[in-house]
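Trainee: Take a look at this one; I'll ask things after.
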Amino acid sequence: MIRFLLGRLVGLLLTLWISSFVVFAALYLAPGDPISFLTGGREVSPLTLAELRHQYQLDQPFLVRYADWLGGVLHGHLGQSIVAHQDVSTLIGARAQTSALLVGYAAVLIILGGIAAGTIAALFKGPLDSGITLGTTVGLALPSFVTAIALISVFAVDVRWFPVFGDGSGLLDRLWHLTLPAIALAVSSSALIARITRGALREELGREHVETARSRGIPRRKILRRHVLRNGMIPVTTVAGITVAGLVAGSVVVERAFNLNGLGSFLVQSVAANDFPAVQAVVLLMVAVFVILSTVVDLLYPLIDPRMARGGTQ
Amino acid sequence: MTELLTVEDLRVALPVQGQMRTVIHQASFAIGPGEALGLIGESGSGKSMTARAVGRLLPAGAQVSGQIMFDGEPVLELAGAALRRYRTTDVAMIFQDPRAHINPVRTIGDFLTEGLRSTLGMRRRDADRKAVSLLAEVGVEDGERRLRQYPHQLSGGLLQRVMIASALVANPRLLLADEPTTALDVTTQSEVMGILDRLRRDHGVAMLFITHDLELATAVCDRISVLYAGTVVESQDAESLHAAPRHPYTAALLASRPSLTVRARRLPVIGGRPLAAFEAPEGCAFTERCRWASPVCEEGRPAPETHDHGQVNCHRTTELGILGSEAVVTEPVIAEPDKSSVQSRGQQP
């Protein structure tokens, strides 16, 4: 078990290290020069230009810059924003909170809503099942920006139950502000989870071991909970883990639509401004969250499916 | 003798692609308390469905008619709590493939004690103790440790013993054993079969034993019923069925077994192919493969004729009497072994 955990940890660190290199290299190769943004198109003397390049260490060779940057990141220094002249960590801090709250809120909606809808569809054949299947088809096809606009026009503009935009202050007020964005972010993913849940439960309902449980006189409610739902959660967990991890990047669109001051909007601004340190930091953070979440799901696996213990080997 | 289980004119149809297909035509048999009845027949003859009908485990949409009485209770009319109690304490099914029929994500302990705890309301500690003692009876030592293990940590033979223990744990009066050794390799087969046979006798439990292995059925059963195309064609005491078959199908089956002592270049087979219940003709279903078929055989289904050792459903049984097994087998016309004919491995428990 300890070896299994260590192996996972080493794999996690290795993935993070490789992705840090890819993130850094991608921006190095990307067209555009942060200095030209700084100078704003004015004529600048070559001397000033050289000084600026030196100040942001743009005159160093690639590997040296990468090593410097990585060293800084490991010490918690994400670099200086070229545009805002501030530490990137300070800029990210408050925004990351908003994003985390949004993603967490959406994740709860996705998992609870998706599993509930999928379970109902799996157990009640007939109109209920058809209705949910139709709903999930529509939900899957809806891009989050369309959902966002529809939600704004109905619940924020027409009936005015929720604010149109903004982050709010204090936990409850923030949750209230984040409700529509979280729903917009959750709709298509929860439709996916509902479909996976329905399929997994239908399959488990037809399994031989469920027949055995029935033949032993176990009450239906117990069969559903202990044999059908329990076993069906194995594929659902995999998909839910990946989906929720993917929300971190997917929140960009919704944050823009609701004008939320989160990481996503910050990333878009920074990209537009060629603010390399800021973009690198945000992308690295998103990758890290994704990798860590998937590792957590991997670690949960043996608990859900004992056959997976010790990496699936006997 | 009052019978524990009587099945009369059981008829089962299942929906297949929107159409109802008959899988059991006319099955009648009885099992006394503590008695073992072997139900033999080819694949598709309706053996498993018969057992499932008795255990009330037929798939949704099945149409069942006829009568199944268990200890004077009409099984087909049971519902709700009464049905659960019937399934928990009256009958217990032993399935063919323990790997598929035991939940892979729950422990052996959960599997063994679930019925005791949820339907009979037994406390965990008592249920565990009972499970461990039964595991010891089926030859699984260190039961305490096994209770905490998962199915994938046990071999197939061991898992089938767990299945047998789980069937006996609630002290049922009838076991439904659906080819309990078919999924195991040959060496563990005889071991597991021996355990099942011994435990059944020790606990005085009756058994409906489903197999396509005539030798095995003769060894462990008191009586044998032969199923062909969803119809019970002959029922006899195991010994006399073996020695003095009266139905041509039984006689042909007996003749097509491989012999342990005589080297045969080619095994005798029954010509033609086995019929499924839904394609059986109006008359006797075996007519077109029967050496003694005559026009009378096509006139309606033969009624059961009772004799000293049992019953036989054959139009010509009074003329034919006891059949010598050698005479009935047609010479094989094809070179490949006929996959659909009943094959016996000739192994003893």
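Ligands are numbered from 1 in the order shown, residues from 1 within each chain, and chains are lettered A, B, ... in the order they appear in the structure tokens.
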Please return, as a PyMOL selection string, all residues of chain A lying within 9 Å of chain B when only C-alpha atoms are considered.
Mentor: chain A and resi 207-219+222+226-227+230-231+304-307+314
Trainee: Which neighbours of stretch 162-173 of chain A fall inside 6 Å, counting only C-alpha atoms, when residues of the same chain fewer than 2 positions from it are skipped, and could you give them as a CSV table (one decimal) with C-alpha atoms, in the first residue's frame?
Mentor:
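Result went into part_8.csv, see below:
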```csv
chain,number,residue,atom,x,y,z
A,156,ALA,CA,-31.4,37.6,-13.7
A,160,ARG,CA,-34.5,39.0,-11.0
A,175,LEU,CA,-22.7,31.6,-3.3
A,176,TRP,CA,-25.8,33.6,-4.3
A,177,HIS,CA,-23.8,35.4,-7.0
A,258,PHE,CA,-21.0,36.5,-15.8
A,259,ASN,CA,-18.1,39.0,-15.6
A,260,LEU,CA,-16.6,37.2,-12.6
```
Trainee: Excluding same-chain residues fewer than 6 positions from A:Tyr28, what lies within 10 Å of it counting only C-alpha atoms, as a list in words?
Mentor: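 Within the cut-off, the hits are Val22, Leu58, Phe62, Arg65, Tyr66 and Phe276 of chain A.
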Trainee: Would you write out those residues with N, CA and C atoms, as a compact mmCIF listing (two decimals), in the first residue's frame?
Mentor:
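Contents of out08.txt, as written:
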```txt
# COMPACT_ATOMS: atom_id res chain seq x y z
N VAL A 22 6.58 22.02 -20.54
CA VAL A 22 5.76 22.23 -21.74
C VAL A 22 5.13 23.62 -21.71
N LEU A 58 14.79 38.47 -20.38
CA LEU A 58 14.44 37.91 -21.69
C LEU A 58 15.68 37.71 -22.55
N PHE A 62 17.26 29.97 -23.23
CA PHE A 62 16.00 29.33 -22.85
C PHE A 62 16.11 28.50 -21.56
N ARG A 65 16.56 30.50 -18.40
CA ARG A 65 15.31 31.14 -18.00
C ARG A 65 14.35 30.13 -17.39
N TYR A 66 14.31 28.93 -18.00
CA TYR A 66 13.41 27.90 -17.47
C TYR A 66 13.82 27.52 -16.06
N PHE A 276 3.58 37.22 -20.20
CA PHE A 276 4.10 35.84 -20.10
C PHE A 276 4.13 35.28 -18.68
```
Trainee: What are the DSSP strand (DSSP E or B) residues of stretch 88-235 of chain B, as a list in words?
Mentor: Val91, Ala92, Met93, Ile94, Leu174, Leu175, Leu176, Ala177, Asp178, Ala206, Met207, Leu208, Phe209, Ile210, Thr211, Arg223, Ile224, Ser225, Val226, Leu227, Tyr228, Thr231, Val232, Val233, Glu234 and Ser235 of chain B
Trainee: Just the helix (DSSP H, G or I) stuff from stretch 46-126 of chain A, please, per backbone DSSP, written as a ChimeraX atom specification.
Mentor: /A:46-55,62-74,88-123
Trainee: Using 12 Å as the limit and counting only C-alpha atoms, can you tabulate each residue of stretch 256-293 of chain B that touches stretch 233-246 of chain B, with its shortest atom-to-atom distance in Å and the two atoms involved, as JSON lines?
Mentor:
```
{"residue": "B:Arg257", "atom": "CA", "partner": "B:His242", "partner_atom": "CA", "distance": 11.7}
{"residue": "B:Cys284", "atom": "CA", "partner": "B:Val233", "partner_atom": "CA", "distance": 9.3}
{"residue": "B:Ala285", "atom": "CA", "partner": "B:Val233", "partner_atom": "CA", "distance": 9.4}
{"residue": "B:Phe286", "atom": "CA", "partner": "B:Val233", "partner_atom": "CA", "distance": 9.3}
```
Trainee: Just checking: using only C-alpha atoms, which residue out of B:Ser43, B:Thr22, B:Thr250, B:Ser155 ends up closest to B:Gln63?
Mentor: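 Checking each of B:Ser43, B:Thr22, B:Thr250, B:Ser155 against B:Gln63, counting only C-alpha atoms, the winner is B:Thr22.
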Trainee: Could you pull the residues within 8 Å of A:Gly241, counting only C-alpha atoms, minus those fewer than 3 positions along the same chain, as a ChimeraX atom specification?
Mentor: /A:237-238,244-245,293-294,297
Trainee: Give me the residues near B:Val54 as an NGL selection string, where near means some atom within 12 Å (using only C-alpha atoms) and where sequence neighbours in that chain fewer than 6 positions away do not count.
Mentor: (:A and (215)) or (:B and (5-8 or 10-12 or 27-31 or 47-48 or 64 or 66-70 or 74-78 or 83 or 86-87 or 90-93 or 174-178 or 207-208))
Trainee: Export, as a CSV table (one decimal), in the first residue's frame, the selected residues with C-alpha atoms.
Mentor:
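Wrote it out as part.csv, contents follow:
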```csv
chain,number,residue,atom,x,y,z
A,215,SER,CA,-32.4,-15.5,-5.2
B,5,LEU,CA,-41.9,-29.8,-4.4
B,6,THR,CA,-44.3,-30.7,-7.2
B,7,VAL,CA,-44.2,-29.2,-10.6
B,8,GLU,CA,-47.2,-29.9,-12.8
B,10,LEU,CA,-45.1,-26.2,-16.2
B,11,ARG,CA,-45.1,-24.0,-19.3
B,12,VAL,CA,-42.9,-21.0,-19.7
B,27,ALA,CA,-42.5,-30.1,-17.4
B,28,SER,CA,-43.8,-32.3,-14.5
B,29,PHE,CA,-41.8,-33.8,-11.7
B,30,ALA,CA,-41.8,-34.1,-8.0
B,31,ILE,CA,-39.1,-34.0,-5.3
B,47,LYS,CA,-33.1,-27.1,-17.7
B,48,SER,CA,-32.0,-23.8,-16.3
B,64,VAL,CA,-45.7,-19.0,-16.7
B,66,GLY,CA,-49.1,-24.8,-14.7
B,67,GLN,CA,-48.5,-25.3,-11.0
B,68,ILE,CA,-45.5,-25.3,-8.7
B,69,MET,CA,-46.3,-26.4,-5.1
B,70,PHE,CA,-43.7,-26.1,-2.4
B,74,PRO,CA,-48.4,-22.3,-4.5
B,75,VAL,CA,-45.0,-20.9,-5.4
B,76,LEU,CA,-46.2,-19.0,-8.5
B,77,GLU,CA,-48.6,-16.9,-6.3
B,78,LEU,CA,-46.1,-15.8,-3.7
B,83,LEU,CA,-41.7,-14.5,-1.7
B,86,TYR,CA,-39.5,-18.4,0.4
B,87,ARG,CA,-36.3,-17.4,-1.4
B,90,ASP,CA,-37.1,-22.5,1.6
B,91,VAL,CA,-35.0,-22.7,-1.6
B,92,ALA,CA,-31.5,-21.7,-2.4
B,93,MET,CA,-29.9,-21.6,-5.8
B,174,LEU,CA,-34.4,-27.4,-1.3
B,175,LEU,CA,-31.3,-26.7,-3.3
B,176,LEU,CA,-31.5,-25.7,-6.9
B,177,ALA,CA,-28.1,-26.6,-8.3
B,178,ASP,CA,-27.6,-25.3,-11.9
B,207,MET,CA,-32.0,-31.0,-4.4
B,208,LEU,CA,-32.9,-30.3,-8.0
```
Trainee: Excluding B:Pro248 and any residue of its chain fewer than 5 positions from it, enumerate the residues within 8 Å of it, using only C-alpha atoms, and give them as a list of chain:residue names.
Mentor: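 After dropping sequence-adjacent residues, the list is B:Cys290, B:Arg291, B:Trp292, B:Leu323, B:Val328.
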Trainee: Give the answer as one residue: which of B:Asp71, B:Glu299, B:Asp128, B:Asp213 has the shortest atom-to-atom distance to B:Gly41, using only C-alpha atoms?
Mentor: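 Selected residue with least distance to B:Gly41: B:Asp213.
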Trainee: For stretch 198-200 of chain B, find every residue with an atom within 10 Å (counting only C-alpha atoms), except residues of its own chain fewer than 5 positions away, and show them as number ranges by chain.
Mentor: B: 34-36, 134, 137-138, 164-165, 168, 173-175, 192-193, 205-207, 220
Trainee: Using only N, CA, C and O atoms, please write the residues we just selected to a file, as a compact mmCIF listing (two decimals), in the first residue's frame.
Mentor:
```txt
# COMPACT_ATOMS: atom_id res chain seq x y z
N GLY B 34 -35.62 -34.20 1.25
CA GLY B 34 -34.31 -34.82 1.32
C GLY B 34 -33.92 -35.60 0.08
O GLY B 34 -32.85 -36.22 0.05
N GLU B 35 -34.76 -35.57 -0.94
CA GLU B 35 -34.47 -36.35 -2.13
C GLU B 35 -33.72 -35.51 -3.17
O GLU B 35 -33.87 -34.30 -3.23
N ALA B 36 -32.88 -36.18 -3.96
CA ALA B 36 -32.18 -35.47 -5.03
C ALA B 36 -32.73 -35.91 -6.37
O ALA B 36 -32.75 -37.10 -6.68
N LEU B 134 -20.01 -22.92 8.53
CA LEU B 134 -20.37 -23.52 7.24
C LEU B 134 -19.17 -23.58 6.30
O LEU B 134 -19.00 -24.54 5.56
N GLU B 137 -17.36 -26.53 7.05
CA GLU B 137 -18.03 -27.72 6.52
C GLU B 137 -17.75 -27.94 5.04
O GLU B 137 -17.68 -29.08 4.58
N VAL B 138 -17.61 -26.85 4.27
CA VAL B 138 -17.31 -27.03 2.85
C VAL B 138 -15.80 -27.12 2.62
O VAL B 138 -15.33 -27.05 1.49
N ILE B 164 -21.69 -22.70 -2.27
CA ILE B 164 -22.45 -23.80 -1.64
C ILE B 164 -22.76 -23.44 -0.19
O ILE B 164 -23.89 -23.60 0.29
N ALA B 165 -21.74 -22.89 0.51
CA ALA B 165 -21.96 -22.48 1.90
C ALA B 165 -23.05 -21.42 1.97
O ALA B 165 -23.92 -21.47 2.84
N LEU B 168 -26.47 -22.87 1.78
CA LEU B 168 -26.92 -23.64 2.93
C LEU B 168 -27.05 -22.81 4.20
O LEU B 168 -27.59 -23.28 5.20
N ARG B 173 -34.72 -25.89 2.47
CA ARG B 173 -35.17 -27.28 2.37
C ARG B 173 -34.95 -27.84 0.97
O ARG B 173 -35.07 -29.03 0.74
N LEU B 174 -34.66 -26.94 0.03
CA LEU B 174 -34.43 -27.39 -1.35
C LEU B 174 -33.29 -26.59 -1.97
O LEU B 174 -33.26 -25.37 -1.89
N LEU B 175 -32.34 -27.31 -2.54
CA LEU B 175 -31.26 -26.65 -3.28
C LEU B 175 -31.56 -26.75 -4.76
O LEU B 175 -31.98 -27.80 -5.26
N VAL B 192 -15.59 -30.47 -5.53
CA VAL B 192 -16.74 -29.62 -5.20
C VAL B 192 -18.02 -30.44 -5.20
O VAL B 192 -18.87 -30.31 -4.32
N MET B 193 -18.14 -31.35 -6.19
CA MET B 193 -19.34 -32.19 -6.27
C MET B 193 -19.45 -33.08 -5.04
O MET B 193 -20.54 -33.26 -4.48
N VAL B 205 -31.14 -31.89 2.96
CA VAL B 205 -31.76 -30.95 2.05
C VAL B 205 -32.07 -31.65 0.74
O VAL B 205 -31.27 -32.44 0.24
N ALA B 206 -33.25 -31.37 0.20
CA ALA B 206 -33.59 -31.91 -1.12
C ALA B 206 -32.85 -31.11 -2.18
O ALA B 206 -32.39 -29.98 -1.93
N MET B 207 -32.71 -31.69 -3.39
CA MET B 207 -31.95 -30.97 -4.41
C MET B 207 -32.52 -31.23 -5.79
O MET B 207 -32.87 -32.35 -6.14
N VAL B 220 -25.13 -38.98 -7.99
CA VAL B 220 -25.54 -38.17 -6.84
C VAL B 220 -27.05 -38.06 -6.66
O VAL B 220 -27.50 -37.53 -5.66
```
